[in-house]
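Dumped work11.txt below, it's compact mmCIF, N, CA and C atoms:
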```txt
# COMPACT_ATOMS: atom_id res chain seq x y z
N MET A 1448 -5.72 -67.53 27.25
CA MET A 1448 -5.03 -68.79 27.43
C MET A 1448 -3.53 -68.52 27.57
N THR A 1449 -2.88 -69.13 28.51
CA THR A 1449 -1.45 -68.92 28.71
C THR A 1449 -0.63 -69.66 27.67
N THR A 1450 0.62 -69.27 27.57
CA THR A 1450 1.53 -69.95 26.64
C THR A 1450 1.63 -71.43 27.00
N LEU A 1451 1.77 -71.73 28.28
CA LEU A 1451 1.87 -73.12 28.71
C LEU A 1451 0.61 -73.91 28.36
N SER A 1452 -0.55 -73.32 28.58
CA SER A 1452 -1.81 -73.99 28.22
C SER A 1452 -1.88 -74.25 26.72
N ARG A 1453 -1.43 -73.28 25.94
CA ARG A 1453 -1.48 -73.43 24.48
C ARG A 1453 -0.55 -74.51 23.98
N ILE A 1454 0.67 -74.62 24.53
CA ILE A 1454 1.59 -75.66 24.07
C ILE A 1454 1.08 -77.03 24.51
N GLN A 1455 0.48 -77.09 25.70
CA GLN A 1455 -0.13 -78.35 26.15
C GLN A 1455 -1.26 -78.77 25.22
N GLU A 1456 -2.08 -77.82 24.82
CA GLU A 1456 -3.20 -78.11 23.92
C GLU A 1456 -2.68 -78.59 22.56
N TRP A 1457 -1.65 -77.92 22.02
CA TRP A 1457 -1.09 -78.33 20.74
C TRP A 1457 -0.55 -79.75 20.84
N TYR A 1458 0.20 -80.03 21.90
CA TYR A 1458 0.76 -81.37 22.11
C TYR A 1458 -0.35 -82.42 22.18
N ALA A 1459 -1.37 -82.15 22.97
CA ALA A 1459 -2.47 -83.10 23.14
C ALA A 1459 -3.16 -83.41 21.82
N LYS A 1460 -3.28 -82.42 20.94
CA LYS A 1460 -3.92 -82.63 19.64
C LYS A 1460 -3.08 -83.54 18.74
N GLN A 1461 -1.77 -83.59 18.97
CA GLN A 1461 -0.92 -84.44 18.13
C GLN A 1461 -0.91 -85.89 18.60
N CYS A 1462 -1.19 -86.10 19.88
CA CYS A 1462 -1.14 -87.44 20.46
C CYS A 1462 -2.22 -88.32 19.85
N ASN A 1463 -1.78 -89.43 19.26
CA ASN A 1463 -2.72 -90.32 18.59
C ASN A 1463 -2.45 -91.79 18.93
N GLY A 1464 -1.69 -92.03 19.99
CA GLY A 1464 -1.36 -93.40 20.36
C GLY A 1464 -0.05 -93.87 19.76
N VAL A 1465 0.47 -93.14 18.78
CA VAL A 1465 1.73 -93.50 18.12
C VAL A 1465 2.74 -92.36 18.19
N TRP A 1466 2.32 -91.16 17.75
CA TRP A 1466 3.22 -90.02 17.64
C TRP A 1466 3.99 -89.75 18.93
N GLU A 1467 3.28 -89.77 20.05
CA GLU A 1467 3.89 -89.40 21.32
C GLU A 1467 4.93 -90.42 21.81
N HIS A 1468 4.95 -91.62 21.22
CA HIS A 1468 5.93 -92.63 21.63
C HIS A 1468 7.31 -92.40 21.02
N SER A 1469 7.34 -91.77 19.86
CA SER A 1469 8.65 -91.55 19.21
C SER A 1469 8.89 -90.08 18.89
N SER A 1470 7.92 -89.24 19.14
CA SER A 1470 8.03 -87.82 18.84
C SER A 1470 7.62 -87.03 20.07
N GLY A 1471 7.50 -85.74 19.91
CA GLY A 1471 7.02 -84.94 21.02
C GLY A 1471 7.72 -83.62 21.14
N VAL A 1472 7.66 -83.07 22.34
CA VAL A 1472 8.21 -81.76 22.66
C VAL A 1472 9.24 -81.95 23.76
N SER A 1473 10.41 -81.36 23.58
CA SER A 1473 11.39 -81.37 24.67
C SER A 1473 11.85 -79.95 24.95
N ILE A 1474 12.03 -79.66 26.22
CA ILE A 1474 12.52 -78.36 26.66
C ILE A 1474 13.71 -78.64 27.56
N ALA A 1475 14.85 -78.10 27.18
CA ALA A 1475 16.07 -78.33 27.96
C ALA A 1475 16.82 -77.02 28.15
N SER A 1476 17.58 -76.97 29.20
CA SER A 1476 18.46 -75.82 29.38
C SER A 1476 19.74 -76.10 28.60
N CYS A 1477 20.44 -75.03 28.22
CA CYS A 1477 21.72 -75.18 27.54
C CYS A 1477 22.75 -74.31 28.23
N ASP A 1478 24.01 -74.54 27.93
CA ASP A 1478 25.08 -73.92 28.71
C ASP A 1478 25.52 -72.54 28.23
N ASN A 1479 24.71 -71.88 27.40
CA ASN A 1479 25.13 -70.58 26.88
C ASN A 1479 24.95 -69.41 27.84
N PRO A 1480 24.18 -69.27 28.83
CA PRO A 1480 23.06 -70.11 29.25
C PRO A 1480 21.80 -69.80 28.45
N GLY A 1481 20.87 -70.72 28.51
CA GLY A 1481 19.62 -70.51 27.80
C GLY A 1481 18.76 -71.75 27.74
N TRP A 1482 17.87 -71.72 26.76
CA TRP A 1482 16.87 -72.78 26.57
C TRP A 1482 16.95 -73.32 25.15
N TRP A 1483 16.59 -74.59 25.01
CA TRP A 1483 16.49 -75.20 23.69
C TRP A 1483 15.21 -76.04 23.68
N VAL A 1484 14.30 -75.66 22.79
CA VAL A 1484 13.03 -76.37 22.62
C VAL A 1484 13.11 -77.12 21.30
N LYS A 1485 12.78 -78.41 21.33
CA LYS A 1485 12.74 -79.22 20.12
C LYS A 1485 11.35 -79.83 20.00
N ILE A 1486 10.76 -79.69 18.81
CA ILE A 1486 9.43 -80.24 18.58
C ILE A 1486 9.48 -81.04 17.29
N ASN A 1487 9.23 -82.34 17.40
CA ASN A 1487 9.25 -83.22 16.24
C ASN A 1487 7.97 -82.99 15.44
N LEU A 1488 8.14 -82.61 14.19
CA LEU A 1488 7.00 -82.29 13.33
C LEU A 1488 6.50 -83.47 12.53
N SER A 1489 7.21 -84.60 12.58
CA SER A 1489 6.81 -85.78 11.81
C SER A 1489 5.38 -86.18 12.15
N ASN A 1490 4.62 -86.45 11.13
CA ASN A 1490 3.23 -86.88 11.27
C ASN A 1490 2.35 -85.88 12.00
N THR A 1491 2.67 -84.59 11.82
CA THR A 1491 1.80 -83.52 12.32
C THR A 1491 1.40 -82.67 11.11
N PRO A 1492 0.37 -81.85 11.24
CA PRO A 1492 -0.01 -80.97 10.13
C PRO A 1492 1.09 -79.98 9.74
N LEU A 1493 2.08 -79.77 10.61
CA LEU A 1493 3.15 -78.81 10.33
C LEU A 1493 4.34 -79.43 9.59
N GLU A 1494 4.29 -80.73 9.39
CA GLU A 1494 5.42 -81.46 8.81
C GLU A 1494 5.94 -80.85 7.51
N ASP A 1495 5.06 -80.40 6.64
CA ASP A 1495 5.47 -79.86 5.35
C ASP A 1495 5.33 -78.34 5.25
N CYS A 1496 5.09 -77.68 6.36
CA CYS A 1496 4.93 -76.23 6.35
C CYS A 1496 6.30 -75.54 6.41
N ARG A 1497 6.42 -74.48 5.64
CA ARG A 1497 7.67 -73.72 5.62
C ARG A 1497 7.77 -72.84 6.86
N PHE A 1498 8.95 -72.79 7.46
CA PHE A 1498 9.22 -71.91 8.59
C PHE A 1498 10.43 -71.05 8.23
N LYS A 1499 10.26 -69.75 8.31
CA LYS A 1499 11.36 -68.83 8.03
C LYS A 1499 12.18 -68.66 9.30
N GLU A 1500 13.46 -69.01 9.20
CA GLU A 1500 14.35 -68.95 10.36
C GLU A 1500 14.36 -67.56 10.98
N ILE A 1501 14.38 -67.54 12.30
CA ILE A 1501 14.50 -66.30 13.06
C ILE A 1501 15.85 -66.32 13.75
N SER A 1502 16.66 -65.33 13.49
CA SER A 1502 18.00 -65.25 14.09
C SER A 1502 18.23 -63.86 14.65
N GLU A 1503 18.42 -63.79 15.93
CA GLU A 1503 18.70 -62.51 16.60
C GLU A 1503 19.88 -62.72 17.54
N GLY A 1504 20.95 -62.03 17.31
CA GLY A 1504 22.10 -62.10 18.21
C GLY A 1504 22.90 -63.38 18.11
N VAL A 1505 22.83 -64.06 16.93
CA VAL A 1505 23.63 -65.26 16.71
C VAL A 1505 24.46 -65.10 15.45
N ASP A 1506 25.54 -65.87 15.36
CA ASP A 1506 26.38 -65.80 14.17
C ASP A 1506 25.86 -66.76 13.10
N SER A 1507 26.60 -66.89 12.01
CA SER A 1507 26.15 -67.72 10.88
C SER A 1507 26.09 -69.21 11.23
N GLN A 1508 26.72 -69.60 12.30
CA GLN A 1508 26.67 -71.00 12.75
C GLN A 1508 25.69 -71.18 13.92
N ARG A 1509 24.88 -70.14 14.16
CA ARG A 1509 23.84 -70.14 15.19
C ARG A 1509 24.38 -70.10 16.62
N PHE A 1510 25.60 -69.63 16.79
CA PHE A 1510 26.16 -69.47 18.13
C PHE A 1510 25.88 -68.05 18.63
N PRO A 1511 25.52 -67.91 19.91
CA PRO A 1511 25.25 -66.59 20.47
C PRO A 1511 26.45 -65.65 20.35
N GLU A 1512 26.13 -64.39 20.06
CA GLU A 1512 27.18 -63.38 19.96
C GLU A 1512 27.17 -62.43 21.15
N GLY A 1513 26.18 -62.54 21.99
CA GLY A 1513 26.08 -61.66 23.15
C GLY A 1513 25.20 -62.30 24.20
N GLU A 1514 24.79 -61.49 25.17
CA GLU A 1514 23.96 -62.01 26.26
C GLU A 1514 22.53 -62.31 25.83
N ARG A 1515 21.97 -61.56 24.90
CA ARG A 1515 20.57 -61.73 24.48
C ARG A 1515 20.55 -62.27 23.05
N TRP A 1516 19.92 -63.42 22.88
CA TRP A 1516 19.91 -64.06 21.57
C TRP A 1516 18.69 -64.98 21.44
N LEU A 1517 18.35 -65.26 20.19
CA LEU A 1517 17.21 -66.12 19.86
C LEU A 1517 17.45 -66.72 18.49
N ASN A 1518 17.18 -68.00 18.34
CA ASN A 1518 17.30 -68.64 17.04
C ASN A 1518 16.25 -69.73 16.93
N CYS A 1519 15.39 -69.63 15.93
CA CYS A 1519 14.34 -70.62 15.70
C CYS A 1519 14.42 -71.07 14.25
N TYR A 1520 14.38 -72.38 14.02
CA TYR A 1520 14.53 -72.92 12.67
C TYR A 1520 14.02 -74.36 12.64
N VAL A 1521 13.78 -74.86 11.43
CA VAL A 1521 13.41 -76.26 11.25
C VAL A 1521 14.57 -76.96 10.55
N GLU A 1522 14.94 -78.12 11.08
CA GLU A 1522 16.02 -78.90 10.48
C GLU A 1522 15.69 -80.38 10.67
N ASN A 1523 15.71 -81.12 9.58
CA ASN A 1523 15.44 -82.56 9.62
C ASN A 1523 14.12 -82.91 10.30
N GLY A 1524 13.10 -82.14 10.02
CA GLY A 1524 11.77 -82.41 10.56
C GLY A 1524 11.58 -82.04 12.02
N ILE A 1525 12.55 -81.33 12.58
CA ILE A 1525 12.48 -80.90 13.97
C ILE A 1525 12.44 -79.37 14.01
N TRP A 1526 11.44 -78.81 14.69
CA TRP A 1526 11.42 -77.37 14.92
C TRP A 1526 12.31 -77.13 16.14
N ASN A 1527 13.28 -76.25 15.99
CA ASN A 1527 14.22 -75.91 17.05
C ASN A 1527 14.04 -74.46 17.44
N GLY A 1528 13.95 -74.20 18.72
CA GLY A 1528 13.91 -72.85 19.23
C GLY A 1528 14.90 -72.74 20.36
N ALA A 1529 15.86 -71.86 20.23
CA ALA A 1529 16.87 -71.68 21.27
C ALA A 1529 16.99 -70.20 21.57
N GLY A 1530 17.30 -69.91 22.81
CA GLY A 1530 17.47 -68.53 23.19
C GLY A 1530 18.07 -68.40 24.57
N ASP A 1531 18.41 -67.18 24.90
CA ASP A 1531 19.02 -66.94 26.21
C ASP A 1531 18.03 -67.26 27.33
N GLU A 1532 18.50 -67.16 28.55
CA GLU A 1532 17.71 -67.60 29.71
C GLU A 1532 16.42 -66.82 29.91
N THR A 1533 16.24 -65.71 29.22
CA THR A 1533 15.01 -64.92 29.34
C THR A 1533 13.99 -65.24 28.24
N LYS A 1534 14.32 -66.16 27.35
CA LYS A 1534 13.53 -66.32 26.12
C LYS A 1534 12.63 -67.55 26.03
N LEU A 1535 12.48 -68.34 27.10
CA LEU A 1535 11.69 -69.56 26.98
C LEU A 1535 10.27 -69.29 26.51
N GLU A 1536 9.58 -68.36 27.14
CA GLU A 1536 8.21 -68.08 26.73
C GLU A 1536 8.17 -67.54 25.30
N ASN A 1537 9.13 -66.69 24.94
CA ASN A 1537 9.20 -66.15 23.59
C ASN A 1537 9.39 -67.26 22.56
N ILE A 1538 10.25 -68.23 22.86
CA ILE A 1538 10.48 -69.36 21.96
C ILE A 1538 9.18 -70.12 21.73
N LEU A 1539 8.47 -70.42 22.80
CA LEU A 1539 7.20 -71.14 22.67
C LEU A 1539 6.17 -70.33 21.91
N GLU A 1540 6.15 -69.02 22.12
CA GLU A 1540 5.22 -68.15 21.39
C GLU A 1540 5.53 -68.12 19.90
N VAL A 1541 6.81 -68.13 19.53
CA VAL A 1541 7.18 -68.17 18.11
C VAL A 1541 6.61 -69.44 17.48
N PHE A 1542 6.82 -70.58 18.15
CA PHE A 1542 6.28 -71.83 17.62
C PHE A 1542 4.76 -71.78 17.53
N LEU A 1543 4.11 -71.36 18.59
CA LEU A 1543 2.65 -71.36 18.62
C LEU A 1543 2.06 -70.41 17.58
N GLN A 1544 2.69 -69.29 17.34
CA GLN A 1544 2.20 -68.37 16.31
C GLN A 1544 2.31 -69.01 14.93
N TRP A 1545 3.42 -69.68 14.67
CA TRP A 1545 3.61 -70.39 13.40
C TRP A 1545 2.57 -71.51 13.26
N ALA A 1546 2.35 -72.25 14.34
CA ALA A 1546 1.36 -73.32 14.30
C ALA A 1546 -0.03 -72.75 14.03
N THR A 1547 -0.37 -71.67 14.68
CA THR A 1547 -1.68 -71.02 14.47
C THR A 1547 -1.81 -70.51 13.04
N ASP A 1548 -0.75 -69.88 12.55
CA ASP A 1548 -0.76 -69.36 11.18
C ASP A 1548 -0.96 -70.45 10.15
N ASN A 1549 -0.59 -71.69 10.54
CA ASN A 1549 -0.71 -72.83 9.62
C ASN A 1549 -1.86 -73.75 10.00
N GLY A 1550 -2.80 -73.23 10.76
CA GLY A 1550 -4.06 -73.93 11.01
C GLY A 1550 -4.03 -75.02 12.05
N THR A 1551 -3.02 -75.05 12.91
CA THR A 1551 -3.03 -76.09 13.94
C THR A 1551 -3.15 -75.48 15.32
```
Go through the file and emit its structure as structure tokens.
Amino acid sequence: MTTLSRIQEWYAKQCNGVWEHSSGVSIASCDNPGWWVKINLSNTPLEDCRFKEISEGVDSQRFPEGERWLNCYVENGIWNGAGDETKLENILEVFLQWATDNGT
């Protein structure tokens, strides 16, 4: 199964007629350059699961320090994954591995 298929499947499992209206998954480009993925965990099985922040090539304020960087963390019920322009699939894989490890 591809990364895209897996994120689609995870999203579909969360859709219950309510969640998808105020929550969901967003993928945007950012000007570092790179990607920023945000996934609202409210009312999902991952809502109370601990996520250990992943920081590679970023400073203490999560700003990139070089060309290659990755930062994934949960803040205010939102899973955030950001990385340089080569990291979109890696960001999604980090989320999906965490989701799988926590039974979703």
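The smallest atom-to-atom distance between Arg1453 of chain A and any of A:Leu1543, A:Ile1538, A:Ile1525, A:Cys1496, using all atoms listed in the file, is found for A:Leu1543.
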Discussion item. Would you pick out the contacts of Pro1511 of chain A at 12 Å or less, using only C-alpha atoms, so that residues sharing its chain but fewer than 4 positions from it are not included, and give the list as a PyMOL selection string?
Written reply: chain A and resi 1477-1481+1502-1507+1515-1518+1529-1532
Practice prompt. Apply DSSP to the backbone of this structure and, from segment 1475-1545 of chain A, keep only the residues in strand (DSSP E); write these as number ranges by chain.
Written response: A: 1475-1477, 1481-1487, 1501-1503, 1517-1522, 1525-1531
Item to complete: May I ask which of the residues A:Phe1498, A:Tyr1520, A:Gln1461, A:Trp1526 is the closest one to Trp1545 of chain A, counting all atoms listed in the file?
Response: A:Phe1498
Practice prompt. Check chain A with DSSP on the backbone and list each residue it calls helix (DSSP H, G or I), as number ranges by chain.
Written response: A: 1450-1461, 1466-1469, 1535-1548
Practice prompt. Record the distance separating atom CA of Gly1471 of chain A and atom CA of Thr1533 of chain A, expressed in Å with one decimal.
Written response: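 Here the two named atoms are 23.1 Å from each other.
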Worksheet item: So what do you get for atom N of Gly1524 of chain A versus atom N of Asp1495 of chain A, distance-wise?
Response: 8.9 Å
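For Glu1536 of chain A, the list of residues within 8 Å, based on only N, CA and C atoms and with local chain neighbours fewer than 6 positions off taken out, reads Thr1450, Leu1451 and Phe1542 of chain A.
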Worksheet entry | Pairwise distance for atom CA of Glu1540 of chain A and atom C of Met1448 of chain A, rounded to one decimal in Å |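 If I compute the distance from atom CA of Glu1540 of chain A to atom C of Met1448 of chain A, I get 10.7 Å.
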